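Asks: I'm passing along upload_37.txt; it holds compact mmCIF, C-alpha atoms.
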# COMPACT_ATOMS: atom_id res chain seq x y z
CA MET H 4 216.20 266.08 -92.94
CA ARG H 5 217.15 262.61 -91.72
CA THR H 6 214.38 260.17 -90.92
CA PRO H 7 214.52 257.09 -88.69
CA LEU H 8 214.64 254.93 -91.83
CA SER H 9 217.53 256.88 -93.35
CA TRP H 10 219.40 256.67 -90.03
CA ALA H 11 218.84 252.89 -89.89
CA ALA H 12 219.84 252.48 -93.54
CA GLY H 13 223.23 253.99 -92.73
CA ARG H 14 223.88 251.40 -90.02
CA PHE H 15 222.02 248.22 -90.98
CA THR H 16 221.67 246.19 -94.18
CA LEU H 17 219.18 243.45 -95.01
CA GLY H 18 219.57 240.88 -97.77
CA PRO H 19 217.35 240.69 -100.88
CA ARG H 20 215.65 237.59 -99.47
CA SER H 21 214.09 239.67 -96.69
CA VAL H 22 212.32 242.01 -99.09
CA ARG H 23 211.16 239.09 -101.24
CA TRP H 24 209.58 237.42 -98.23
CA ALA H 25 208.02 240.69 -97.08
CA ALA H 26 206.57 241.51 -100.50
CA THR H 27 205.23 237.98 -100.94
CA THR H 28 203.62 238.07 -97.50
CA SER H 29 201.92 241.36 -98.38
CA VAL H 30 200.31 239.72 -101.42
CA VAL H 31 199.05 236.84 -99.26
CA ALA H 32 197.71 239.32 -96.68
CA ALA H 33 195.93 241.32 -99.38
CA VAL H 34 194.23 238.14 -100.60
CA ALA H 35 193.28 237.38 -96.98
CA ILE H 36 191.64 240.83 -96.72
CA VAL H 37 189.41 240.00 -99.70
CA VAL H 38 188.48 236.61 -98.27
CA GLY H 39 187.94 238.06 -94.78
CA GLY H 40 185.51 240.61 -96.16
CA GLY H 41 183.65 237.80 -97.90
CA ILE H 42 183.37 235.82 -94.66
CA VAL H 43 181.95 238.90 -92.93
CA ARG H 44 179.35 239.25 -95.68
CA VAL H 45 178.18 235.64 -96.02
CA THR H 46 177.91 235.20 -92.25
CA GLY H 47 175.80 238.35 -91.94
CA SER H 48 178.38 240.01 -89.67
CA GLY H 49 178.71 243.31 -91.53
CA LEU H 50 177.18 245.22 -88.63
CA GLY H 51 178.58 242.93 -85.94
CA CYS H 52 180.37 246.06 -84.78
CA PRO H 53 177.70 248.70 -85.40
CA GLU H 54 180.07 251.69 -85.12
CA TRP H 55 183.45 252.72 -86.55
CA PRO H 56 186.29 253.15 -85.62
CA MET H 57 185.01 251.93 -82.25
CA CYS H 58 183.04 248.70 -82.21
CA THR H 59 180.31 250.40 -80.18
CA THR H 60 179.93 253.92 -78.86
CA GLY H 61 181.66 252.88 -75.64
CA THR H 62 184.00 249.99 -76.49
CA LEU H 63 186.79 249.36 -79.00
CA ALA H 64 186.29 245.58 -78.99
CA PRO H 65 182.99 243.67 -79.16
CA THR H 66 181.28 242.57 -75.98
CA SER H 67 180.16 239.04 -75.20
CA GLU H 68 176.56 240.06 -75.84
CA MET H 69 177.44 240.79 -79.48
CA GLY H 70 178.19 237.12 -80.06
CA LEU H 71 179.87 235.54 -83.06
CA HIS H 72 178.95 238.33 -85.50
CA GLY H 73 180.81 240.90 -83.41
CA ALA H 74 183.85 238.63 -83.17
CA ILE H 75 183.93 238.05 -86.94
CA GLU H 76 183.63 241.74 -87.81
CA PHE H 77 186.20 242.77 -85.22
CA GLY H 78 188.56 240.03 -86.40
CA ASN H 79 188.34 241.43 -89.92
CA ARG H 80 189.26 244.88 -88.58
CA LEU H 81 192.24 243.39 -86.75
CA LEU H 82 193.37 241.83 -90.02
CA THR H 83 193.75 245.35 -91.43
CA GLY H 84 196.11 246.14 -88.56
CA VAL H 85 198.14 243.02 -89.34
CA LEU H 86 198.31 244.11 -92.99
CA CYS H 87 199.65 247.53 -91.90
CA LEU H 88 202.46 245.79 -90.00
CA ILE H 89 203.30 243.65 -93.02
CA VAL H 90 203.37 246.66 -95.35
CA GLY H 91 205.60 248.42 -92.82
CA TRP H 92 207.91 245.42 -92.97
CA VAL H 93 208.07 245.79 -96.78
CA VAL H 94 208.98 249.48 -96.44
CA ILE H 95 211.74 248.75 -93.91
CA ALA H 96 213.12 245.76 -95.82
CA ALA H 97 213.25 247.72 -99.09
CA ARG H 98 214.89 250.73 -97.43
CA LEU H 99 217.64 248.71 -95.74
CA GLN H 100 219.02 247.13 -98.91
CA ARG H 101 222.60 247.52 -100.08
CA HIS H 102 221.35 248.12 -103.62
CA PRO H 103 218.57 250.75 -103.73
CA MET H 104 215.08 249.48 -104.52
CA PRO H 105 213.11 252.65 -105.33
CA ALA H 106 210.40 250.78 -107.26
CA VAL H 107 209.77 248.41 -104.35
CA LEU H 108 209.77 251.31 -101.91
CA ARG H 109 207.26 253.24 -104.02
CA GLY H 110 205.05 250.19 -104.24
CA ALA H 111 205.20 249.61 -100.49
CA TRP H 112 204.17 253.19 -99.73
CA ALA H 113 201.39 252.89 -102.30
CA GLN H 114 200.15 249.83 -100.42
CA PHE H 115 200.19 251.76 -97.16
CA TRP H 116 198.02 254.56 -98.50
CA VAL H 117 195.62 252.11 -100.16
CA VAL H 118 195.31 250.29 -96.81
CA VAL H 119 194.34 253.63 -95.27
CA LEU H 120 191.84 254.22 -98.09
CA ASN H 121 190.38 250.74 -97.62
CA ALA H 122 189.99 251.27 -93.87
CA LEU H 123 188.20 254.59 -94.43
CA VAL H 124 185.85 253.08 -97.00
CA GLY H 125 185.20 250.25 -94.54
CA GLY H 126 184.20 252.82 -91.95
CA VAL H 127 181.86 254.52 -94.40
CA THR H 128 180.39 251.09 -95.16
CA VAL H 129 179.40 250.74 -91.50
CA TRP H 130 178.12 254.32 -91.27
CA MET H 131 176.00 253.79 -94.41
CA ARG H 132 174.57 250.58 -92.92
CA LEU H 133 176.01 248.33 -95.66
CA SER H 134 174.90 250.29 -98.70
CA PRO H 135 175.64 247.88 -101.59
CA TYR H 136 177.35 250.65 -103.54
CA VAL H 137 179.74 251.42 -100.69
CA VAL H 138 180.30 247.69 -100.14
CA ALA H 139 181.25 247.43 -103.82
CA ALA H 140 183.66 250.36 -103.41
CA HIS H 141 185.15 248.60 -100.37
CA PHE H 142 185.78 245.48 -102.43
CA LEU H 143 187.30 247.49 -105.28
CA ALA H 144 189.61 249.25 -102.80
CA ALA H 145 190.78 245.82 -101.63
CA THR H 146 191.35 244.88 -105.28
CA LEU H 147 193.42 248.05 -105.73
CA LEU H 148 195.49 247.04 -102.70
CA LEU H 149 196.05 243.63 -104.25
CA MET H 150 197.24 245.29 -107.46
CA ALA H 151 199.77 247.41 -105.55
CA ALA H 152 201.01 244.34 -103.68
CA VAL H 153 201.49 242.30 -106.87
CA TRP H 154 203.26 245.19 -108.60
CA THR H 155 205.59 245.58 -105.61
CA ARG H 156 206.41 241.88 -105.51
CA HIS H 157 207.19 241.87 -109.22
CA ALA H 158 209.62 244.77 -108.75
CA VAL H 159 211.78 242.73 -106.36
CA PRO H 160 214.90 241.25 -108.06
CA ALA H 161 214.78 237.52 -108.65
CA GLY H 162 218.36 236.76 -107.57
CA ASP H 163 220.37 237.38 -104.42
CA GLY H 164 221.93 240.55 -105.73
CA GLY H 165 222.02 243.08 -108.51
CA SER H 166 219.63 245.83 -109.33
CA PRO H 167 215.87 245.46 -109.01
CA LEU H 168 213.59 245.47 -112.00
CA ASP H 169 213.10 248.91 -113.49
CA LEU H 170 209.38 249.32 -113.97
CA SER H 171 209.46 253.03 -114.66
CA PRO H 172 207.53 254.35 -117.68
CA GLY H 173 210.76 255.29 -119.47
CA ARG H 174 211.67 251.65 -120.07
CA ARG H 175 208.40 250.61 -121.62
CA SER H 176 208.71 249.19 -125.08
CA ALA H 177 206.05 248.62 -127.71
CA GLY H 178 206.05 244.81 -127.42
CA ARG H 179 203.79 243.13 -129.95
CA HIS H 180 202.06 241.14 -127.22
CA ARG H 181 201.66 244.05 -124.83
CA SER H 182 198.40 245.29 -126.31
CA LEU H 183 196.80 241.86 -125.94
CA SER H 184 197.90 241.57 -122.33
CA TRP H 185 196.57 245.09 -121.64
CA THR H 186 193.23 244.10 -123.18
CA LEU H 187 193.22 241.03 -120.95
CA VAL H 188 193.81 243.17 -117.85
CA ALA H 189 191.10 245.67 -118.85
CA THR H 190 188.53 242.95 -119.54
CA THR H 191 189.35 241.23 -116.24
CA ALA H 192 188.94 244.56 -114.43
CA LEU H 193 185.51 244.95 -116.02
CA LEU H 194 184.72 241.38 -114.95
CA VAL H 195 185.58 242.29 -111.35
CA VAL H 196 183.42 245.43 -111.45
CA VAL H 197 180.43 243.55 -112.87
CA GLY H 198 181.04 240.93 -110.19
CA THR H 199 180.45 243.58 -107.52
CA VAL H 200 177.15 244.46 -109.20
CA THR H 201 176.21 240.78 -109.21
CA THR H 202 177.01 240.59 -105.51
CA GLY H 203 175.16 243.83 -104.76
CA SER H 204 172.06 242.47 -106.48
CA GLY H 205 172.22 239.07 -104.76
CA PRO H 206 170.91 237.78 -101.44
CA HIS H 207 174.05 238.08 -99.31
CA ALA H 208 173.60 241.61 -97.97
CA GLY H 209 176.12 241.31 -95.15
CA ASP H 210 173.66 241.60 -92.28
CA SER H 211 169.89 241.20 -92.31
CA SER H 212 167.39 240.88 -95.11
CA ASP H 213 166.40 244.49 -94.45
CA VAL H 214 169.63 245.81 -96.01
CA ARG H 215 168.73 247.24 -99.40
CA ARG H 216 170.20 245.73 -102.57
CA MET H 217 171.12 247.15 -105.97
CA PRO H 218 168.02 247.50 -108.21
CA PHE H 219 169.19 245.09 -110.92
CA ASP H 220 167.86 241.72 -111.96
CA TRP H 221 170.28 239.24 -110.42
CA ALA H 222 169.88 236.61 -113.16
CA THR H 223 170.58 239.13 -115.94
CA VAL H 224 173.67 240.54 -114.22
CA THR H 225 174.92 237.01 -113.53
CA VAL H 226 174.65 236.11 -117.21
CA ALA H 227 176.58 239.29 -118.14
CA HIS H 228 179.23 238.34 -115.58
CA GLY H 229 179.49 234.88 -117.11
CA VAL H 230 179.84 236.28 -120.64
CA LEU H 231 182.68 238.53 -119.50
CA ALA H 232 184.36 235.57 -117.80
CA ALA H 233 184.19 233.65 -121.08
CA ALA H 234 185.72 236.65 -122.89
CA VAL H 235 188.59 236.74 -120.40
CA LEU H 236 189.17 233.02 -120.90
CA LEU H 237 189.22 233.43 -124.69
CA LEU H 238 191.67 236.35 -124.48
CA ALA H 239 193.95 234.40 -122.14
CA GLY H 240 193.85 231.40 -124.47
CA ARG H 241 194.65 233.62 -127.44
CA LEU H 242 197.60 235.15 -125.61
CA LEU H 243 198.92 231.70 -124.73
CA VAL H 244 198.72 230.67 -128.39
CA VAL H 245 200.53 233.73 -129.79
CA LEU H 246 203.31 233.96 -127.20
CA PRO H 247 206.56 232.60 -128.69
CA ARG H 248 208.28 229.74 -126.91
CA GLU H 249 211.72 231.30 -127.13
CA GLY H 250 212.25 234.09 -124.61
CA TYR H 251 208.69 233.90 -123.25
CA GLY H 252 208.86 230.74 -121.13
CA ALA H 253 207.92 232.48 -117.89
CA ALA H 254 205.11 234.41 -119.58
CA ARG H 255 203.71 231.23 -121.13
CA ARG H 256 203.80 229.36 -117.80
CA THR H 257 202.12 232.26 -116.01
CA THR H 258 199.44 232.50 -118.69
CA ALA H 259 198.79 228.76 -118.59
CA LEU H 260 198.39 228.91 -114.82
CA PHE H 261 196.03 231.87 -115.21
CA VAL H 262 193.87 229.86 -117.63
CA ALA H 263 193.70 227.01 -115.09
CA VAL H 264 192.64 229.42 -112.33
CA LEU H 265 189.98 230.91 -114.63
CA VAL H 266 188.53 227.49 -115.38
CA ALA H 267 188.40 226.59 -111.68
CA GLN H 268 186.84 229.96 -110.83
CA GLY H 269 184.24 229.50 -113.54
CA ALA H 270 183.34 226.07 -112.17
CA VAL H 271 182.86 227.48 -108.66
CA GLY H 272 180.80 230.37 -110.03
CA LEU H 273 178.55 228.03 -111.99
CA PHE H 274 178.13 225.77 -108.97
CA GLN H 275 177.14 228.61 -106.64
CA SER H 276 174.65 230.01 -109.15
CA LEU H 277 172.93 226.65 -109.61
CA THR H 278 172.83 225.76 -105.90
CA GLY H 279 171.35 228.92 -104.39
CA LEU H 280 174.61 230.70 -103.45
CA PRO H 281 175.75 228.63 -100.45
CA ALA H 282 178.07 230.55 -98.13
CA LEU H 283 181.09 228.28 -98.62
CA ALA H 284 180.87 228.47 -102.41
CA VAL H 285 180.53 232.25 -102.30
CA THR H 286 183.63 232.49 -100.10
CA LEU H 287 185.58 230.23 -102.46
CA HIS H 288 184.45 232.36 -105.39
CA LEU H 289 185.76 235.47 -103.62
CA LEU H 290 189.08 233.72 -103.08
CA GLY H 291 189.04 232.83 -106.75
CA SER H 292 188.36 236.42 -107.76
CA ALA H 293 191.43 237.54 -105.83
CA LEU H 294 193.55 234.82 -107.45
CA VAL H 295 192.21 235.75 -110.90
CA TRP H 296 193.19 239.38 -110.35
CA VAL H 297 196.64 238.36 -109.10
CA GLY H 298 196.98 236.06 -112.08
CA VAL H 299 196.10 238.57 -114.77
CA LEU H 300 198.46 241.15 -113.30
CA ARG H 301 201.28 238.61 -113.22
CA VAL H 302 200.54 237.68 -116.84
CA HIS H 303 200.81 241.30 -117.94
CA LEU H 304 203.96 241.97 -115.92
CA THR H 305 205.77 238.85 -117.14
CA VAL H 306 204.81 239.57 -120.75
CA ARG H 307 206.10 243.12 -120.35
CA ALA H 308 209.34 241.90 -118.79
CA ALA H 309 209.86 239.44 -121.65
CA ASP H 310 209.24 242.19 -124.20
CA GLU H 311 211.80 244.45 -122.54
CA VAL H 312 214.64 241.92 -122.36
CA ARG H 313 213.97 240.37 -125.78
CA PRO H 314 216.75 241.44 -128.19
CA GLY H 315 215.67 243.57 -131.13
CA PRO H 316 216.42 242.70 -134.78
CA HIS H 317 219.59 244.85 -134.90
CA ARG H 318 221.07 243.19 -131.83
CA THR H 319 220.28 239.73 -133.19
CA ALA H 320 221.96 240.54 -136.48
CA VAL H 321 225.09 241.75 -134.71
CA ARG H 322 225.24 238.60 -132.63
CA ARG H 323 224.98 236.44 -135.73
CA GLU H 324 227.62 238.35 -137.63
CA GLY H 325 230.03 238.61 -134.70
CA VAL H 326 231.83 241.54 -136.37
CA GLY H 327 235.09 242.27 -134.59
CA GLY H 328 234.23 239.61 -132.02
CA ALA H 329 232.01 242.11 -130.22
CA VAL H 330 228.42 241.80 -129.20
CA ARG H 331 226.44 244.95 -128.81
CA GLY H 332 223.95 244.93 -125.90
Rewrite the structure of this file - the entire thing - as C-alpha cells.
Replies:
Amino acid sequence: MRTPLSWAAGRFTLGPRSVRWAATTSVVAAVAIVVGGGIVRVTGSGLGCPEWPMCTTGTLAPTSEMGLHGAIEFGNRLLTGVLCLIVGWVVIAARLQRHPMPAVLRGAWAQFWVVVLNALVGGVTVWMRLSPYVVAAHFLAATLLLMAAVWTRHAVPAGDGGSPLDLSPGRRSAGRHRSLSWTLVATTALLVVVGTVTTGSGPHAGDSSDVRRMPFDWATVTVAHGVLAAAVLLLAGRLLVVLPREGYGAARRTTALFVAVLVAQGAVGLFQSLTGLPALAVTLHLLGSALVWVGVLRVHLTVRAADEVRPGPHRTAVRREGVGGAVRG
C-alpha cells in the first residue's frame, strides 16, 4: 500500500544537506526540552497548568489569572509540539533522499515514539501532582529522546553523497577500545540516574514546598553523584590516553571535548551545591547534563566508527606487500 511519503519519494528528491540540518536541529530541540523542563521546575511552574492535556478543565491555554507560572508550563508543552514538527521534518528529509537512508529513517521514527512517550509521562507527572519519581521518569524519557536524536544524527552521511553509515548490529566489530567506551556510556547513564535521585531529594520540587520529595539524605546522594562524576572523568581520560593517534583522530577530538564538558559540568555542580542551589546554576547544570549525555554518546559512536573502518592485520600486510599490484579491501 502506497503512503503519502512513498508517493512523494517517487516525485521529489532532497539533498543530503537537508537531512543533516534536520537531524542536527532535532538534537538541539531535544536539548531544549531538557532545559525547558528544568526552567519549569526551578521556577515552581510544574502545576502552572493544573490539568493535562488541557491546561485547565475548560481551557487549552492558560488564562491571565494563572500568571507567569501558567505561561511557563504551557510554553514547555508547546515546545513538545515544535519538537514533533522537527522530528517530522527528519522523517520527510530522510525518506526523500536519492540514496536510501534506512538507519536515519528508523532513528527518526524512534524519536517520534519517544516524544509521544515523553508527552504521556509529562501528563502523568501533572496527574500525580509532581511525584518526584514520575518527574525522574520524565527526565529519563527526555534523555532517551536525546539518545535517539544523537544516534540518528550520527547515521547521516558526512559528505554530499554516497551511502549513509551502516549502524546495524551485523557490522559491529570487536574493537579493542569498544569495551572501554561502553563502560564509559554505562557509567555516565548511572550518573544521570543518580542525578535524578539527587534532584528528587533536593529543594526544587517544581511547585510549592508541599510537594513531597524522595526520602533520601540530599547530602549523601550528592556525594555519591560526585563520586560517579569523578569515575566518568577518569574513564574518559583513560580512553583518551589509550586511543591511537592514527585512524582515531575524530574519536580523540570528541573524547577531549567530552572531558572539557565534564570538567565544566563538575564546576557548575560544585558551585550550585556550595551556594544553596540557585535557580540559574541548577538550569545550567541541567544543560550540562544534556551536553554530557550527548558527548558520551558521540564518543562511543566515533570510537565504534573508527574501529569499523580501521584495517585489520591481514589487510595491512597485503597493502605493504603489494602482491600483484592489488590491494584487498
Asks: Can you list, as number ranges by chain, every protein, DNA or RNA residue that comes within 10 Å of range 186-200 of chain H when you count all atoms listed in the file, leaving out same-chain residues fewer than 3 positions away?
Replies: H: 135-136, 138-143, 146, 181-183, 203-205, 216-219, 221, 224-225, 227-239, 241-242, 289, 292-293, 295-296, 298-303
Asks: Ranking H:Trp130, H:Gly279, H:Thr28, H:His180 by minimum distance to Leu86 in chain H and counting all atoms listed in the file, which one comes first?
Replies: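 Smallest distance to Leu86 in chain H is found for H:Thr28.
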Asks: For Thr27 in chain H, please output as a ChimeraX atom specification all residues within 9 Å (counting all atoms listed in the file; exclusion window: fewer than 2 positions along the same chain).
Replies: /H:22-25,29-32,152-153,155-156
Asks: Can you measure CA of Ala106 in chain H to CA of Val90 in chain H for me? One decimal in Å is fine.
Replies: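 Going from CA of Ala106 in chain H over to CA of Val90 in chain H, I get 14.4 Å.
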Asks: Can you tell me how far CA of Leu243 in chain H sits from CA of Leu287 in chain H, in Å to one decimal?
Replies: 26.0 Å
Asks: Could you state the separation of CA of Gly73 in chain H and CA of Val34 in chain H in Å, given to one decimal place?
Replies: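 Taking CA of Gly73 in chain H as the start and CA of Val34 in chain H as the end point, the length is 22.0 Å.
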Asks: Considering all atoms listed in the file, state which residue in the set H:Val85, H:Val159, H:Val226, H:Leu133 is at the smallest distance from Phe115 in chain H.
Replies: H:Val85
Asks: Under the rule that all atoms listed in the file are counted, which of H:Ala111, H:Val244, H:Leu148, H:Ile75 is the nearest residue to Gly40 in chain H?
Replies: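 Among the listed residues, the smallest separation from Gly40 in chain H belongs to H:Ile75.
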Asks: Find the residue from H:Gly252, H:Leu304, H:Pro103, H:Gly291 that sits nearest to Gly269 in chain H; use only C-alpha atoms when measuring.
Replies: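 Closest to Gly269 in chain H of all the choices is H:Gly291.
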